>>> print(open('query-v4.cif').read())   # mmCIF, C-alpha atoms
data_protein
loop_
_atom_site.label_atom_id
_atom_site.label_comp_id
_atom_site.auth_asym_id
_atom_site.auth_seq_id
_atom_site.Cartn_x
_atom_site.Cartn_y
_atom_site.Cartn_z
CA MET A 345 -8.55 17.42 -67.44
CA THR A 346 -6.00 17.62 -64.62
CA ASP A 347 -6.08 19.97 -61.66
CA GLN A 348 -3.28 22.05 -63.16
CA GLU A 349 -5.13 22.60 -66.42
CA SER A 350 -8.37 23.57 -64.72
CA SER A 351 -6.63 26.07 -62.43
CA THR A 352 -4.92 27.90 -65.31
CA SER A 353 -7.89 28.00 -67.70
CA THR A 354 -10.17 31.00 -67.63
CA VAL A 355 -13.87 30.91 -68.30
CA TYR A 356 -15.11 33.87 -70.33
CA GLN A 357 -18.74 34.95 -70.12
CA SER A 358 -18.80 37.44 -73.00
CA LEU A 359 -16.84 38.78 -75.94
CA GLU A 360 -16.13 41.94 -73.96
CA SER A 361 -14.29 39.97 -71.26
CA ILE A 362 -12.21 38.30 -73.98
CA ARG A 363 -11.37 41.72 -75.49
CA GLN A 364 -10.36 43.06 -72.09
CA ARG A 365 -8.13 40.05 -71.42
CA LYS A 366 -6.59 40.42 -74.88
CA ALA A 367 -5.85 44.10 -74.22
CA VAL A 368 -4.21 43.28 -70.88
CA LEU A 369 -2.09 40.56 -72.45
CA LEU A 370 -1.08 42.85 -75.31
CA THR A 371 0.13 45.57 -72.93
CA ASP A 372 2.07 42.96 -70.93
CA ILE A 373 3.68 41.70 -74.13
CA HIS A 374 4.69 45.24 -75.12
CA LYS A 375 6.20 45.88 -71.68
CA ASP A 376 8.17 42.62 -71.83
CA ASP A 377 9.31 43.45 -75.37
CA GLN A 378 10.62 46.84 -74.22
CA LYS A 379 12.49 45.21 -71.31
CA ILE A 380 14.06 42.64 -73.64
CA GLU A 381 15.04 45.33 -76.15
CA LYS A 382 16.62 47.44 -73.40
CA LEU A 383 18.63 44.49 -72.07
CA TRP A 384 19.67 43.40 -75.57
CA ASN A 385 20.90 46.89 -76.44
CA SER A 386 22.83 47.11 -73.18
CA LEU A 387 24.88 44.09 -74.27
CA PHE A 388 26.27 45.90 -77.29
CA HIS A 389 27.43 49.30 -76.12
CA LYS A 390 30.85 50.84 -76.43
CA PRO A 391 33.12 50.50 -73.42
CA ASP A 392 33.59 53.70 -71.45
CA MET A 393 37.19 54.08 -72.52
CA LEU A 394 36.24 54.19 -76.21
CA LYS A 395 33.58 56.89 -75.98
CA LYS A 396 34.71 60.26 -77.31
CA ASP A 397 33.01 62.26 -74.57
CA ALA A 398 34.37 60.13 -71.71
CA PRO A 399 36.53 61.95 -69.17
CA THR A 400 40.19 61.01 -68.95
CA SER A 401 39.78 59.55 -65.48
CA ARG A 402 37.07 57.15 -66.71
CA ARG A 403 39.23 56.14 -69.67
CA LEU A 404 42.18 55.42 -67.40
CA SER A 405 39.99 53.52 -64.97
CA SER A 406 38.54 51.36 -67.76
CA LEU A 407 41.98 50.76 -69.22
CA PHE A 408 43.32 49.74 -65.81
CA ASN A 409 40.41 47.34 -65.27
CA ALA A 410 40.92 45.77 -68.68
CA GLY A 411 44.66 45.41 -68.03
CA ALA A 412 44.08 43.87 -64.61
CA GLY A 413 41.67 41.36 -66.15
CA THR A 414 44.25 40.43 -68.77
CA VAL A 415 46.98 39.96 -66.18
CA ASP A 416 44.63 37.87 -64.03
CA ALA A 417 43.78 35.64 -67.01
CA ALA A 418 47.46 35.23 -67.88
CA LEU A 419 48.29 34.20 -64.30
CA LEU A 420 45.45 31.67 -64.29
CA VAL A 421 46.66 30.16 -67.57
CA TRP A 422 50.22 29.97 -66.26
CA LYS A 423 49.13 28.25 -63.03
CA LEU A 424 46.98 25.74 -64.90
CA TYR A 425 49.80 25.06 -67.34
CA ARG A 426 52.26 24.36 -64.51
CA LYS A 427 49.76 22.17 -62.68
CA PHE A 428 48.77 19.96 -65.62
CA HIS A 429 52.04 19.96 -67.55
CA LYS A 430 53.74 17.62 -65.06
#
>>> encode(input="query-v4.cif", output="structure tokens")
Amino acid sequence: MTDQESSTSTVYQSLESIRQRKAVLLTDIHKDDQKIEKLWNSLFHKPDMLKKDAPTSRRLSSLFNAGAGTVDAALLVWKLYRKFHK
């Protein structure tokens, strides 16, 4: 047994201590599961400009940001094309 293995292993004295550890681990697993579910669901939400209840200013702002990103990508492609086409 290496030092790493002995430092991470836990010695249990009774079944009750095992049950308590199991309960703690189960609550930690549920908390982590909720965090993962929240992050996963945040990946697949509608953009602000497509929501029906979004104010006009937010829709215009989102549309402007999307347009600016498209123009930026087009300029990058054009610059790379000119650089490597020669």
>>> atom_distance(input="query-v4.cif", atom1="CA of Ser353 in chain A", atom2="CA of Thr371 in chain A")
20.0 Å
>>> atom_distance(input="query-v4.cif", atom1="CA of Arg365 in chain A", atom2="CA of Asp377 in chain A")
18.2 Å
>>> atom_distance(input="query-v4.cif", atom1="CA of Val355 in chain A", atom2="CA of Leu369 in chain A")
15.8 Å
